[in-house]
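**Q** First the structure, then my questions, so here it is.
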Amino acid sequence: MINNGTISTVLEALDDTTRQTLQAGLDELISSSPTVFIMSPIERIGAIVLQIALSVLVWIAVTQAGKKYMYVIAILIHAFVDCSVVIIGQYVSVMVTELIVWIYVIVISFFAYKLWKANGFDIKEKSLT
């Protein structure tokens, strides 16, 4: 709509308040750095890896007797990462924020893997022959 010029038709059909709000959002989108859009899939991959690592903690809480506290730990880690990213994002660039997120993801994934192995779960290769 923006590239082919039909956005003006949409804007004309709106009331003044809605038009100004939409125009402000469009202006911000148009003036955004390409880095913001490039970082989006990288952020999503990090979020998926983090969710898998936290799911390991929940899996341990569900399958191992006496490990129910792991469920609470998974929730607290998730809340910590979410809150800290929001706070950090107010003071540094998107690139730095994503770097910090990936540091969290790597550390949490490492500990989740160690817990997975320590609780008797192991991924063994199966021979195809």
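Lettering and numbering for the structure tokens are positional, with chains as A, B, ... in the shown order, residues counted from 1 in each chain, and ligands counted from 1 in the shown order.
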Write out as a VMD selection string the residues lying within 12 Å of Ile45 in chain A, counting only C-alpha atoms and excluding same-chain residues fewer than 4 positions away.
**A** chain A and resid 39 to 41 49 to 52 98 101 to 102 105
**Q** Going by DSSP on the backbone, which residues of chain A come out as alpha helix (DSSP H)? List them as a PyMOL selection string.
**A** chain A and resi 7-12+16-31+34-63+69-89+94-118
**Q** With a distance cut-off of 8 Å and only C-alpha atoms, select the neighbouring residues of Ala74 in chain A, excluding the residue or stretch itself and same-chain residues fewer than 6 positions from it, and output the selection as a PDB file with N, CA and C atoms, in the first residue's frame.
**A**
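This is the output file out-v5.pdb:
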```pdb
ATOM      1  N   LEU A  54      13.911 -23.924  28.578  1.00  0.00           N
ATOM      2  CA  LEU A  54      13.011 -23.836  29.736  1.00  0.00           C
ATOM      3  C   LEU A  54      12.053 -25.031  29.777  1.00  0.00           C
ATOM      4  N   SER A  55      11.705 -25.553  28.625  1.00  0.00           N
ATOM      5  CA  SER A  55      10.856 -26.745  28.577  1.00  0.00           C
ATOM      6  C   SER A  55      11.567 -27.955  29.167  1.00  0.00           C
ATOM      7  N   LEU A  57      13.505 -27.796  31.754  1.00  0.00           N
ATOM      8  CA  LEU A  57      13.302 -27.654  33.200  1.00  0.00           C
ATOM      9  C   LEU A  57      11.903 -28.118  33.593  1.00  0.00           C
ATOM     10  N   VAL A  58      10.917 -27.754  32.802  1.00  0.00           N
ATOM     11  CA  VAL A  58       9.549 -28.183  33.091  1.00  0.00           C
ATOM     12  C   VAL A  58       9.437 -29.706  32.942  1.00  0.00           C
TER      13      VAL A  58
END
```
